[in-house]
Structures are given as C-alpha cells and as structure tokens.
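Printed here is my_file.csv (CSV, C-alpha atoms):
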chain,number,residue,atom,x,y,z
Z,167,MET,CA,-25.9,8.7,16.4
Z,168,ASN,CA,-29.2,6.8,16.8
Z,169,PRO,CA,-28.6,3.1,17.7
Z,170,SER,CA,-30.6,2.0,14.6
Z,171,PHE,CA,-27.9,3.5,12.4
Z,172,GLU,CA,-24.9,1.5,11.1
Z,173,LYS,CA,-21.6,3.2,10.3
Z,174,ILE,CA,-20.3,2.4,6.8
Z,175,ALA,CA,-17.3,3.5,4.7
Z,176,PRO,CA,-18.1,6.2,2.1
Z,177,ASP,CA,-17.2,3.8,-0.7
Z,178,ALA,CA,-19.9,1.4,0.6
Z,179,ILE,CA,-22.6,3.8,-0.6
Z,180,THR,CA,-24.3,1.9,-3.5
Z,181,ASP,CA,-27.0,4.5,-4.3
Z,182,ASN,CA,-27.1,6.1,-7.8
Z,183,VAL,CA,-26.0,9.6,-6.8
Z,184,PHE,CA,-28.1,11.2,-9.6
Z,185,GLN,CA,-31.2,9.5,-8.2
Z,186,LEU,CA,-30.1,10.2,-4.6
Z,187,ILE,CA,-29.6,13.9,-5.0
Z,188,GLY,CA,-31.6,15.0,-8.0
Z,189,GLN,CA,-34.7,12.8,-7.6
Z,190,ASP,CA,-34.9,11.7,-3.9
Z,191,TRP,CA,-33.5,15.1,-2.6
Z,192,MET,CA,-31.7,15.7,0.7
Z,193,LEU,CA,-31.7,17.8,3.7
Z,194,VAL,CA,-28.6,20.0,4.1
Z,195,THR,CA,-28.2,20.7,7.8
Z,196,ALA,CA,-25.7,22.9,9.7
Z,197,GLY,CA,-25.4,24.0,13.3
Z,198,THR,CA,-25.3,22.2,16.6
Z,199,PRO,CA,-28.0,20.1,18.3
Z,200,ASP,CA,-29.0,23.2,20.2
Z,201,ASP,CA,-29.0,25.6,17.3
Z,202,PHE,CA,-29.4,24.4,13.7
Z,203,ASN,CA,-31.3,24.8,10.5
Z,204,THR,CA,-32.0,22.5,7.6
Z,205,MET,CA,-33.1,23.0,4.0
Z,206,THR,CA,-34.1,20.7,1.1
Z,207,ALA,CA,-31.7,20.5,-1.8
Z,208,SER,CA,-31.7,18.7,-5.1
Z,209,TRP,CA,-28.3,20.0,-6.3
Z,210,GLY,CA,-25.0,18.7,-5.1
Z,211,GLY,CA,-22.5,15.9,-5.7
Z,212,LEU,CA,-20.3,13.2,-4.3
Z,213,GLY,CA,-16.8,12.3,-5.5
Z,214,GLU,CA,-13.1,12.4,-5.0
Z,215,LEU,CA,-11.1,15.7,-4.6
Z,216,TRP,CA,-7.8,16.4,-2.9
Z,217,ASN,CA,-7.3,12.7,-2.1
Z,218,ARG,CA,-10.5,12.7,-0.1
Z,219,ARG,CA,-14.1,11.5,-0.4
Z,220,VAL,CA,-16.2,14.7,-0.6
Z,221,ALA,CA,-19.7,16.0,-0.9
Z,222,PHE,CA,-20.7,19.2,-2.7
Z,223,ALA,CA,-23.6,21.3,-1.4
Z,224,PHE,CA,-24.9,24.6,-2.7
Z,225,VAL,CA,-26.7,27.2,-0.6
Z,226,ARG,CA,-27.9,30.7,-1.5
Z,227,PRO,CA,-27.0,33.5,0.9
Z,228,GLN,CA,-30.6,34.5,1.4
Z,229,ARG,CA,-31.5,31.0,2.9
Z,230,TYR,CA,-31.5,30.8,6.7
Z,231,THR,CA,-29.4,27.7,6.5
Z,232,PHE,CA,-26.6,29.8,5.0
Z,233,GLU,CA,-25.9,31.5,8.3
Z,234,PHE,CA,-25.4,28.1,9.9
Z,235,MET,CA,-23.2,26.8,7.1
Z,236,GLU,CA,-21.0,29.8,7.5
Z,237,ARG,CA,-20.6,29.4,11.3
Z,238,ALA,CA,-20.4,25.6,11.6
Z,239,PRO,CA,-17.2,23.6,10.9
Z,240,SER,CA,-19.3,20.7,9.5
Z,241,PHE,CA,-22.7,19.9,7.9
Z,242,THR,CA,-24.8,16.8,7.1
Z,243,LEU,CA,-26.6,15.6,4.1
Z,244,SER,CA,-29.6,13.4,5.1
Z,245,PHE,CA,-31.4,11.2,2.6
Z,246,PHE,CA,-34.9,9.7,3.2
Z,247,ALA,CA,-37.3,7.1,1.8
Z,248,GLU,CA,-40.2,8.4,-0.4
Z,249,THR,CA,-42.5,8.2,2.7
Z,250,HIS,CA,-40.9,11.4,3.9
Z,251,ARG,CA,-41.4,13.4,0.7
Z,252,ASP,CA,-43.9,15.8,2.4
Z,253,ALA,CA,-41.3,16.7,5.1
Z,254,LEU,CA,-38.7,17.4,2.4
Z,255,LYS,CA,-41.2,19.6,0.5
Z,256,PHE,CA,-42.0,21.5,3.6
Z,257,CYS,CA,-38.4,22.0,4.5
Z,258,GLY,CA,-37.7,23.3,1.0
Z,259,THR,CA,-40.6,25.8,0.9
Z,260,HIS,CA,-40.6,27.2,4.5
Z,261,SER,CA,-38.0,29.2,6.3
Z,262,GLY,CA,-36.7,28.2,9.7
Z,263,ARG,CA,-36.7,31.9,10.5
Z,264,LYS,CA,-40.5,31.8,10.5
Z,265,VAL,CA,-41.5,28.2,11.4
Z,266,ASP,CA,-40.3,25.3,13.6
Z,267,LYS,CA,-39.6,22.8,10.8
Z,268,MET,CA,-39.2,19.9,13.3
Z,269,ALA,CA,-42.6,20.6,14.9
Z,270,GLU,CA,-44.3,20.9,11.5
Z,271,THR,CA,-42.7,17.8,9.9
Z,272,GLY,CA,-42.2,15.4,12.8
Z,273,LEU,CA,-38.5,15.0,11.9
Z,274,ILE,CA,-36.5,14.1,14.9
Z,275,PRO,CA,-33.0,15.6,15.1
Z,276,VAL,CA,-30.2,13.5,16.4
Z,277,PRO,CA,-26.6,14.6,17.2
Z,278,THR,CA,-23.7,13.3,15.2
Z,279,PRO,CA,-20.2,12.7,16.5
Z,280,LEU,CA,-19.0,16.0,15.0
Z,281,ASP,CA,-21.7,17.9,17.1
Z,282,SER,CA,-23.8,18.4,14.0
Z,283,VAL,CA,-27.3,17.3,13.3
Z,284,ALA,CA,-29.0,14.5,11.3
Z,285,PHE,CA,-32.5,13.0,11.5
Z,286,ALA,CA,-33.7,9.8,13.1
Z,287,GLN,CA,-35.9,9.0,10.0
Z,288,ALA,CA,-33.1,9.4,7.5
Z,289,ARG,CA,-32.0,6.2,5.6
Z,290,LEU,CA,-28.6,7.6,4.8
Z,291,VAL,CA,-26.5,10.4,6.5
Z,292,LEU,CA,-23.3,11.9,5.3
Z,293,VAL,CA,-21.4,13.8,8.0
Z,294,CYS,CA,-19.1,16.3,6.3
Z,295,ARG,CA,-16.2,18.5,7.6
Z,296,LYS,CA,-16.1,21.7,5.6
Z,297,LEU,CA,-12.9,22.0,3.5
Z,298,TYR,CA,-13.7,24.8,1.1
Z,299,ALA,CA,-16.4,27.4,0.2
Z,300,GLN,CA,-16.6,29.7,-2.8
Z,301,ASP,CA,-19.3,31.8,-4.4
Z,302,ILE,CA,-20.5,31.0,-7.8
Z,303,ALA,CA,-19.6,33.9,-10.1
Z,304,GLY,CA,-21.7,34.9,-13.0
Z,305,GLU,CA,-18.7,35.9,-15.1
Z,306,HIS,CA,-17.3,32.3,-15.0
Z,307,PHE,CA,-20.1,30.6,-16.8
Z,308,ILE,CA,-18.9,29.2,-20.1
Z,309,VAL,CA,-22.4,28.7,-21.3
Z,310,PRO,CA,-24.3,31.9,-20.6
Z,311,GLU,CA,-27.7,30.1,-21.1
Z,312,VAL,CA,-27.1,28.2,-17.9
Z,313,ARG,CA,-26.5,31.4,-16.0
Z,314,GLU,CA,-29.6,33.1,-17.5
Z,315,GLU,CA,-31.8,30.1,-16.9
Z,316,VAL,CA,-30.8,29.3,-13.3
Z,317,TYR,CA,-29.8,32.8,-12.1
Z,318,PRO,CA,-32.0,35.4,-13.8
Z,319,ALA,CA,-31.8,37.5,-10.6
Z,320,ALA,CA,-28.0,36.9,-10.2
Z,321,ASP,CA,-28.6,35.4,-6.8
Z,322,TYR,CA,-25.7,32.9,-7.0
Z,323,HIS,CA,-25.2,30.0,-4.6
Z,324,ARG,CA,-22.1,29.4,-2.4
Z,325,LEU,CA,-20.5,26.1,-3.1
Z,326,TYR,CA,-19.4,24.1,0.0
Z,327,ILE,CA,-17.0,21.2,-0.3
Z,328,GLY,CA,-17.0,18.9,2.7
Z,329,GLU,CA,-14.9,15.8,3.4
Z,330,ILE,CA,-17.2,12.9,4.1
Z,331,VAL,CA,-15.9,11.8,7.5
Z,332,GLU,CA,-18.8,9.5,8.5
Z,333,VAL,CA,-21.6,7.7,6.7
Z,334,TRP,CA,-24.5,6.3,8.6
Z,335,ARG,CA,-27.3,4.1,7.2
Z,336,GLN,CA,-30.4,2.4,8.4

For this file, write the structure as structure tokens.
Amino acid sequence: MNPSFEKIAPDAITDNVFQLIGQDWMLVTAGTPDDFNTMTASWGGLGELWNRRVAFAFVRPQRYTFEFMERAPSFTLSFFAETHRDALKFCGTHSGRKVDKMAETGLIPVPTPLDSVAFAQARLVLVCRKLYAQDIAGEHFIVPEVREEVYPAADYHRLYIGEIVEVWRQ
C-alpha cells in the first residue's frame, strides 16, 4: 500500500457506517492492478458473521464491475473525503467499458497486499477476501413494496460477503 496509509484493525474503525456507506459512498473495486474496474456504491454493510469481521457489497450483473467481482478472490471498499465527491459521481454514472475512469477522475490506483486495487486518495480502505456470493431473489422479499420500489425491472443485485482482512487509513 501507499506509504501514507496506516494499517489498523477492523475494530479500530470509528466511522458511523450509515454515514460512511449511505451518505459518503464508496468505491467497490475488483481485479488486479493490471486489470480492474471500480464503481460507486451507497448500499452495503459492515459487521460480524461466521466469527469474522465482514463487509457486504451489492453489484448488479449488468455492471462492468460484476465481471471482475466474479473473477477476483478479493475486493476493496474505498472511502473518500467530500473533496472527491465528483470522482465518486463520475464512477457511479460511467461504465469502465466505455471510459477510462482513472484518466477522467485523476484517481490513482495502488495495489494492496492481496493483489487487489485501492486508491491513493482514499481516506479509508477495506481489503476483503470473498467468502460468499448469492443473488437477491424476488420471491424472498417479505415486504413486496421494497421489491417493487427498488427492483421494478427485476434486475436484482448479487450480494458479496467479504472477510475484512486489512484496513488502511490516511
């Protein structure tokens, strides 16, 4: 990782996770330093599962990042200061199939020890080893209004659960 980052334990994260994910947003990144993609997300979670510290990320199959999430054994969640909001907006509204997100945003990719990718400008990075993946299924919604509101086209996300193996902060 970048020398300006400090490695901390997952339980040393003091951010409010609702603010961190839902308001500040994050970049979900998968692939290797030579071949990766990233996308902005505002859905996800952090917690305890299977006696591990975990992160939850959701990616729709039509997103370019999905291909990388499927191939890679790990992924990262990168969080930024408000000064990088425009880069996050760009990465959430443009496909890596069509544009070079790094060239357009000025984000600088940095390799992580798991051969995944984070960004030099991130203030917090979670490096996650994939443990589990499952598609959201329409028939399992207990409250149909949620399904109807969020998935009117039945384009369900895939849930990825990753063990948080490293946390880096600036």

Contact check, segment 199-266 of chain Z to segment 277-294 of chain Z, at most 12 Å, counting only C-alpha atoms, closest pairs as JSON lines:
{"residue": "Z:Pro199", "atom": "CA", "partner": "Z:Val283", "partner_atom": "CA", "distance": 5.8}
{"residue": "Z:Asp200", "atom": "CA", "partner": "Z:Val283", "partner_atom": "CA", "distance": 9.2}
{"residue": "Z:Asp201", "atom": "CA", "partner": "Z:Val283", "partner_atom": "CA", "distance": 9.4}
{"residue": "Z:Phe202", "atom": "CA", "partner": "Z:Val283", "partner_atom": "CA", "distance": 7.4}
{"residue": "Z:Asn203", "atom": "CA", "partner": "Z:Val283", "partner_atom": "CA", "distance": 8.9}
{"residue": "Z:Thr204", "atom": "CA", "partner": "Z:Val283", "partner_atom": "CA", "distance": 9.0}
{"residue": "Z:Met205", "atom": "CA", "partner": "Z:Ala284", "partner_atom": "CA", "distance": 11.9}
{"residue": "Z:Gly211", "atom": "CA", "partner": "Z:Leu292", "partner_atom": "CA", "distance": 11.7}
{"residue": "Z:Leu212", "atom": "CA", "partner": "Z:Leu292", "partner_atom": "CA", "distance": 10.1}
{"residue": "Z:Arg218", "atom": "CA", "partner": "Z:Cys294", "partner_atom": "CA", "distance": 11.3}
{"residue": "Z:Arg219", "atom": "CA", "partner": "Z:Cys294", "partner_atom": "CA", "distance": 9.6}
{"residue": "Z:Val220", "atom": "CA", "partner": "Z:Cys294", "partner_atom": "CA", "distance": 7.7}
{"residue": "Z:Ala221", "atom": "CA", "partner": "Z:Cys294", "partner_atom": "CA", "distance": 7.2}
{"residue": "Z:Phe222", "atom": "CA", "partner": "Z:Cys294", "partner_atom": "CA", "distance": 9.6}
{"residue": "Z:Ala223", "atom": "CA", "partner": "Z:Cys294", "partner_atom": "CA", "distance": 10.2}
{"residue": "Z:Phe234", "atom": "CA", "partner": "Z:Ser282", "partner_atom": "CA", "distance": 10.7}
{"residue": "Z:Met235", "atom": "CA", "partner": "Z:Ser282", "partner_atom": "CA", "distance": 10.9}
{"residue": "Z:Arg237", "atom": "CA", "partner": "Z:Ser282", "partner_atom": "CA", "distance": 11.8}
{"residue": "Z:Ala238", "atom": "CA", "partner": "Z:Ser282", "partner_atom": "CA", "distance": 8.3}
{"residue": "Z:Pro239", "atom": "CA", "partner": "Z:Leu280", "partner_atom": "CA", "distance": 8.8}
{"residue": "Z:Ser240", "atom": "CA", "partner": "Z:Cys294", "partner_atom": "CA", "distance": 5.4}
{"residue": "Z:Phe241", "atom": "CA", "partner": "Z:Cys294", "partner_atom": "CA", "distance": 5.3}
{"residue": "Z:Thr242", "atom": "CA", "partner": "Z:Val293", "partner_atom": "CA", "distance": 4.6}
{"residue": "Z:Leu243", "atom": "CA", "partner": "Z:Leu292", "partner_atom": "CA", "distance": 5.1}
{"residue": "Z:Ser244", "atom": "CA", "partner": "Z:Val291", "partner_atom": "CA", "distance": 4.5}
{"residue": "Z:Phe245", "atom": "CA", "partner": "Z:Leu290", "partner_atom": "CA", "distance": 5.1}
{"residue": "Z:Phe246", "atom": "CA", "partner": "Z:Ala288", "partner_atom": "CA", "distance": 4.7}
{"residue": "Z:Ala247", "atom": "CA", "partner": "Z:Arg289", "partner_atom": "CA", "distance": 6.6}
{"residue": "Z:Glu248", "atom": "CA", "partner": "Z:Arg289", "partner_atom": "CA", "distance": 10.4}
{"residue": "Z:Thr249", "atom": "CA", "partner": "Z:Gln287", "partner_atom": "CA", "distance": 9.9}
{"residue": "Z:His250", "atom": "CA", "partner": "Z:Gln287", "partner_atom": "CA", "distance": 8.2}
{"residue": "Z:Arg251", "atom": "CA", "partner": "Z:Ala288", "partner_atom": "CA", "distance": 11.5}
{"residue": "Z:Ala253", "atom": "CA", "partner": "Z:Gln287", "partner_atom": "CA", "distance": 10.6}
{"residue": "Z:Leu254", "atom": "CA", "partner": "Z:Ala288", "partner_atom": "CA", "distance": 11.0}

Take the residues just selected and output them with C-alpha atoms as a PDB file, in the coordinates of the input.
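out01.pdb written:
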ATOM      1  CA  PRO Z 199     -28.000  20.100  18.300  1.00  0.00           C
ATOM      2  CA  ASP Z 200     -29.000  23.200  20.200  1.00  0.00           C
ATOM      3  CA  ASP Z 201     -29.000  25.600  17.300  1.00  0.00           C
ATOM      4  CA  PHE Z 202     -29.400  24.400  13.700  1.00  0.00           C
ATOM      5  CA  ASN Z 203     -31.300  24.800  10.500  1.00  0.00           C
ATOM      6  CA  THR Z 204     -32.000  22.500   7.600  1.00  0.00           C
ATOM      7  CA  MET Z 205     -33.100  23.000   4.000  1.00  0.00           C
ATOM      8  CA  GLY Z 211     -22.500  15.900  -5.700  1.00  0.00           C
ATOM      9  CA  LEU Z 212     -20.300  13.200  -4.300  1.00  0.00           C
ATOM     10  CA  ARG Z 218     -10.500  12.700  -0.100  1.00  0.00           C
ATOM     11  CA  ARG Z 219     -14.100  11.500  -0.400  1.00  0.00           C
ATOM     12  CA  VAL Z 220     -16.200  14.700  -0.600  1.00  0.00           C
ATOM     13  CA  ALA Z 221     -19.700  16.000  -0.900  1.00  0.00           C
ATOM     14  CA  PHE Z 222     -20.700  19.200  -2.700  1.00  0.00           C
ATOM     15  CA  ALA Z 223     -23.600  21.300  -1.400  1.00  0.00           C
ATOM     16  CA  PHE Z 234     -25.400  28.100   9.900  1.00  0.00           C
ATOM     17  CA  MET Z 235     -23.200  26.800   7.100  1.00  0.00           C
ATOM     18  CA  ARG Z 237     -20.600  29.400  11.300  1.00  0.00           C
ATOM     19  CA  ALA Z 238     -20.400  25.600  11.600  1.00  0.00           C
ATOM     20  CA  PRO Z 239     -17.200  23.600  10.900  1.00  0.00           C
ATOM     21  CA  SER Z 240     -19.300  20.700   9.500  1.00  0.00           C
ATOM     22  CA  PHE Z 241     -22.700  19.900   7.900  1.00  0.00           C
ATOM     23  CA  THR Z 242     -24.800  16.800   7.100  1.00  0.00           C
ATOM     24  CA  LEU Z 243     -26.600  15.600   4.100  1.00  0.00           C
ATOM     25  CA  SER Z 244     -29.600  13.400   5.100  1.00  0.00           C
ATOM     26  CA  PHE Z 245     -31.400  11.200   2.600  1.00  0.00           C
ATOM     27  CA  PHE Z 246     -34.900   9.700   3.200  1.00  0.00           C
ATOM     28  CA  ALA Z 247     -37.300   7.100   1.800  1.00  0.00           C
ATOM     29  CA  GLU Z 248     -40.200   8.400  -0.400  1.00  0.00           C
ATOM     30  CA  THR Z 249     -42.500   8.200   2.700  1.00  0.00           C
ATOM     31  CA  HIS Z 250     -40.900  11.400   3.900  1.00  0.00           C
ATOM     32  CA  ARG Z 251     -41.400  13.400   0.700  1.00  0.00           C
ATOM     33  CA  ALA Z 253     -41.300  16.700   5.100  1.00  0.00           C
ATOM     34  CA  LEU Z 254     -38.700  17.400   2.400  1.00  0.00           C
TER      35      LEU Z 254
END

Discussion item. Just checking: using only C-alpha atoms, which residue out of Z:Arg324, Z:Arg313, Z:Lys255, Z:Arg335 ends up closest to Tyr298 of chain Z?
Written reply: Z:Arg324

Worksheet item: atom CA of Leu215 of chain Z to atom CA of Gly304 of chain Z: how many Å, to one decimal?
Response: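 The value is 23.5 Å.
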
Quick one: contact table of segment 239-301 of chain Z to segment 225-229 of chain Z, 12 Å max, nearest atom pair and distance in Å to one decimal per residue, counting only C-alpha atoms, chain and number order, as JSON lines?
{"residue": "Z:Phe241", "atom": "CA", "partner": "Z:Val225", "partner_atom": "CA", "distance": 11.9}
{"residue": "Z:Cys257", "atom": "CA", "partner": "Z:Arg229", "partner_atom": "CA", "distance": 11.5}
{"residue": "Z:Gly258", "atom": "CA", "partner": "Z:Arg229", "partner_atom": "CA", "distance": 10.1}
{"residue": "Z:Thr259", "atom": "CA", "partner": "Z:Arg229", "partner_atom": "CA", "distance": 10.7}
{"residue": "Z:His260", "atom": "CA", "partner": "Z:Arg229", "partner_atom": "CA", "distance": 10.0}
{"residue": "Z:Ser261", "atom": "CA", "partner": "Z:Arg229", "partner_atom": "CA", "distance": 7.6}
{"residue": "Z:Gly262", "atom": "CA", "partner": "Z:Arg229", "partner_atom": "CA", "distance": 9.0}
{"residue": "Z:Arg263", "atom": "CA", "partner": "Z:Arg229", "partner_atom": "CA", "distance": 9.3}
{"residue": "Z:Lys264", "atom": "CA", "partner": "Z:Arg229", "partner_atom": "CA", "distance": 11.8}
{"residue": "Z:Ala299", "atom": "CA", "partner": "Z:Val225", "partner_atom": "CA", "distance": 10.3}
{"residue": "Z:Gln300", "atom": "CA", "partner": "Z:Val225", "partner_atom": "CA", "distance": 10.6}
{"residue": "Z:Asp301", "atom": "CA", "partner": "Z:Arg226", "partner_atom": "CA", "distance": 9.1}

Pull C-alpha atoms from the residues just selected and write them as a compact mmCIF listing (two decimals), in the frame of the given file.
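See out.txt below for the written result:
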# COMPACT_ATOMS: atom_id res chain seq x y z
CA PHE Z 241 -22.70 19.90 7.90
CA CYS Z 257 -38.40 22.00 4.50
CA GLY Z 258 -37.70 23.30 1.00
CA THR Z 259 -40.60 25.80 0.90
CA HIS Z 260 -40.60 27.20 4.50
CA SER Z 261 -38.00 29.20 6.30
CA GLY Z 262 -36.70 28.20 9.70
CA ARG Z 263 -36.70 31.90 10.50
CA LYS Z 264 -40.50 31.80 10.50
CA ALA Z 299 -16.40 27.40 0.20
CA GLN Z 300 -16.60 29.70 -2.80
CA ASP Z 301 -19.30 31.80 -4.40

Discussion item. As an exercise, work out the distance from atom CA of Val333 of chain Z to atom CA of Phe224 of chain Z in Å and give it to one decimal place.
Written reply: 19.6 Å

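Using all atoms listed in the file, the smallest distance between any of Z:Pro176, Z:Gly188, Z:Pro310, Z:Pro275 and Thr206 of chain Z comes from Z:Gly188.
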
Response to the item:
One decimal place gives the atom CA of Thr195 of chain Z-atom CA of Pro318 of chain Z separation as 26.4 Å

Practice prompt. Identify which of the residues Z:Ala320, Z:Ala269, Z:Trp216, Z:Val183 lies closest to Glu305 of chain Z, counting all atoms listed in the file when measuring atom-to-atom distances.
Written response: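 Under the stated criterion, the closest residue is Z:Ala320.
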
Discussion item. Quick one: residues within 10 Å of Phe184 of chain Z, all atoms listed in the file, excluding same-chain residues fewer than 3 positions away - as a ChimeraX atom specification?
Written reply: /Z:181,187-191,208-212

Discussion item. Under the rule that only C-alpha atoms are counted, which of Z:Phe171, Z:Ala196, Z:Val316, Z:Lys267 is the nearest residue to Ile302 of chain Z?
Written reply: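 Ranking Z:Phe171, Z:Ala196, Z:Val316, Z:Lys267 by distance to Ile302 of chain Z, first place goes to Z:Val316.
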
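Distances from Z:Ala303, Z:Met192, Z:Tyr322, Z:Ile327 to Glu214 of chain Z were compared using only C-alpha atoms, and the smallest one belongs to Z:Ile327.
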
Item to complete: For each of Z:Asn182, Z:Asp266, Z:Val194, Z:Gly213, take the minimum atom-to-atom distance to Phe232 of chain Z, counting all atoms listed in the file, then give the residue where this is smallest.
Response: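 Under the stated criterion, the closest residue is Z:Val194.
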
From the structure just shown, export segment 233-264 of chain Z with N, CA and C atoms as an mmCIF file, in the first residue's frame.
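Output (decode09.cif):
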data_model
loop_
_atom_site.group_PDB
_atom_site.id
_atom_site.type_symbol
_atom_site.label_atom_id
_atom_site.label_comp_id
_atom_site.auth_asym_id
_atom_site.auth_seq_id
_atom_site.Cartn_x
_atom_site.Cartn_y
_atom_site.Cartn_z
ATOM 1 N N GLU Z 233 -18.189 -8.449 -13.581
ATOM 2 C CA GLU Z 233 -17.265 -9.424 -14.175
ATOM 3 C C GLU Z 233 -16.005 -9.583 -13.329
ATOM 4 N N PHE Z 234 -15.518 -8.482 -12.820
ATOM 5 C CA PHE Z 234 -14.300 -8.504 -12.014
ATOM 6 C C PHE Z 234 -14.575 -9.111 -10.633
ATOM 7 N N MET Z 235 -15.728 -8.794 -10.060
ATOM 8 C CA MET Z 235 -16.097 -9.378 -8.765
ATOM 9 C C MET Z 235 -16.217 -10.892 -8.881
ATOM 10 N N GLU Z 236 -16.706 -11.366 -10.000
ATOM 11 C CA GLU Z 236 -16.857 -12.803 -10.191
ATOM 12 C C GLU Z 236 -15.503 -13.508 -10.319
ATOM 13 N N ARG Z 237 -14.547 -12.873 -10.964
ATOM 14 C CA ARG Z 237 -13.238 -13.497 -11.215
ATOM 15 C C ARG Z 237 -12.276 -13.381 -10.036
ATOM 16 N N ALA Z 238 -12.322 -12.270 -9.347
ATOM 17 C CA ALA Z 238 -11.304 -11.973 -8.332
ATOM 18 C C ALA Z 238 -11.604 -12.663 -6.998
ATOM 19 N N PRO Z 239 -10.569 -13.079 -6.282
ATOM 20 C CA PRO Z 239 -10.780 -13.679 -4.961
ATOM 21 C C PRO Z 239 -10.982 -12.631 -3.865
ATOM 22 N N SER Z 240 -10.767 -11.362 -4.209
ATOM 23 C CA SER Z 240 -10.895 -10.300 -3.210
ATOM 24 C C SER Z 240 -11.468 -9.043 -3.858
ATOM 25 N N PHE Z 241 -11.858 -8.094 -3.017
ATOM 26 C CA PHE Z 241 -12.318 -6.795 -3.491
ATOM 27 C C PHE Z 241 -11.971 -5.762 -2.432
ATOM 28 N N THR Z 242 -12.027 -4.502 -2.805
ATOM 29 C CA THR Z 242 -11.791 -3.435 -1.842
ATOM 30 C C THR Z 242 -12.985 -2.494 -1.797
ATOM 31 N N LEU Z 243 -13.141 -1.873 -0.648
ATOM 32 C CA LEU Z 243 -14.085 -0.787 -0.460
ATOM 33 C C LEU Z 243 -13.251 0.425 -0.070
ATOM 34 N N SER Z 244 -13.305 1.473 -0.882
ATOM 35 C CA SER Z 244 -12.514 2.683 -0.642
ATOM 36 C C SER Z 244 -13.447 3.844 -0.339
ATOM 37 N N PHE Z 245 -13.128 4.567 0.724
ATOM 38 C CA PHE Z 245 -13.925 5.696 1.177
ATOM 39 C C PHE Z 245 -13.088 6.962 1.083
ATOM 40 N N PHE Z 246 -13.744 8.073 0.732
ATOM 41 C CA PHE Z 246 -13.042 9.316 0.415
ATOM 42 C C PHE Z 246 -13.603 10.490 1.204
ATOM 43 N N ALA Z 247 -12.812 11.545 1.280
ATOM 44 C CA ALA Z 247 -13.292 12.810 1.820
ATOM 45 C C ALA Z 247 -14.255 13.437 0.814
ATOM 46 N N GLU Z 248 -15.043 14.381 1.269
ATOM 47 C CA GLU Z 248 -16.045 15.057 0.425
ATOM 48 C C GLU Z 248 -15.409 15.717 -0.796
ATOM 49 N N THR Z 249 -14.142 16.073 -0.719
ATOM 50 C CA THR Z 249 -13.461 16.722 -1.849
ATOM 51 C C THR Z 249 -13.400 15.832 -3.085
ATOM 52 N N HIS Z 250 -13.653 14.548 -2.931
ATOM 53 C CA HIS Z 250 -13.621 13.618 -4.067
ATOM 54 C C HIS Z 250 -15.021 13.202 -4.533
ATOM 55 N N ARG Z 251 -16.033 13.951 -4.131
ATOM 56 C CA ARG Z 251 -17.421 13.617 -4.489
ATOM 57 C C ARG Z 251 -17.610 13.554 -6.007
ATOM 58 N N ASP Z 252 -16.999 14.478 -6.751
ATOM 59 C CA ASP Z 252 -17.161 14.467 -8.213
ATOM 60 C C ASP Z 252 -16.604 13.186 -8.827
ATOM 61 N N ALA Z 253 -15.482 12.695 -8.313
ATOM 62 C CA ALA Z 253 -14.918 11.436 -8.818
ATOM 63 C C ALA Z 253 -15.870 10.276 -8.527
ATOM 64 N N LEU Z 254 -16.461 10.274 -7.338
ATOM 65 C CA LEU Z 254 -17.414 9.220 -6.996
ATOM 66 C C LEU Z 254 -18.650 9.296 -7.881
ATOM 67 N N LYS Z 255 -19.142 10.495 -8.138
ATOM 68 C CA LYS Z 255 -20.294 10.649 -9.038
ATOM 69 C C LYS Z 255 -19.948 10.118 -10.429
ATOM 70 N N PHE Z 256 -18.765 10.457 -10.912
ATOM 71 C CA PHE Z 256 -18.353 10.001 -12.237
ATOM 72 C C PHE Z 256 -18.291 8.471 -12.289
ATOM 73 N N CYS Z 257 -17.657 7.866 -11.293
ATOM 74 C CA CYS Z 257 -17.500 6.406 -11.286
ATOM 75 C C CYS Z 257 -18.833 5.681 -11.118
ATOM 76 N N GLY Z 258 -19.847 6.390 -10.626
ATOM 77 C CA GLY Z 258 -21.158 5.790 -10.474
ATOM 78 C C GLY Z 258 -22.068 5.977 -11.678
ATOM 79 N N THR Z 259 -21.668 6.856 -12.598
ATOM 80 C CA THR Z 259 -22.543 7.151 -13.740
ATOM 81 C C THR Z 259 -21.903 6.849 -15.095
ATOM 82 N N HIS Z 260 -20.683 6.330 -15.086
ATOM 83 C CA HIS Z 260 -19.991 5.994 -16.336
ATOM 84 C C HIS Z 260 -19.445 4.574 -16.240
ATOM 85 N N SER Z 261 -19.510 3.868 -17.333
ATOM 86 C CA SER Z 261 -19.033 2.485 -17.374
ATOM 87 C C SER Z 261 -17.561 2.422 -17.748
ATOM 88 N N GLY Z 262 -16.838 1.576 -17.029
ATOM 89 C CA GLY Z 262 -15.445 1.312 -17.373
ATOM 90 C C GLY Z 262 -15.288 0.599 -18.704
ATOM 91 N N ARG Z 263 -16.397 0.103 -19.265
ATOM 92 C CA ARG Z 263 -16.349 -0.482 -20.610
ATOM 93 C C ARG Z 263 -16.122 0.606 -21.657
ATOM 94 N N LYS Z 264 -16.583 1.835 -21.340
ATOM 95 C CA LYS Z 264 -16.574 2.905 -22.330
ATOM 96 C C LYS Z 264 -15.577 4.021 -22.041
#
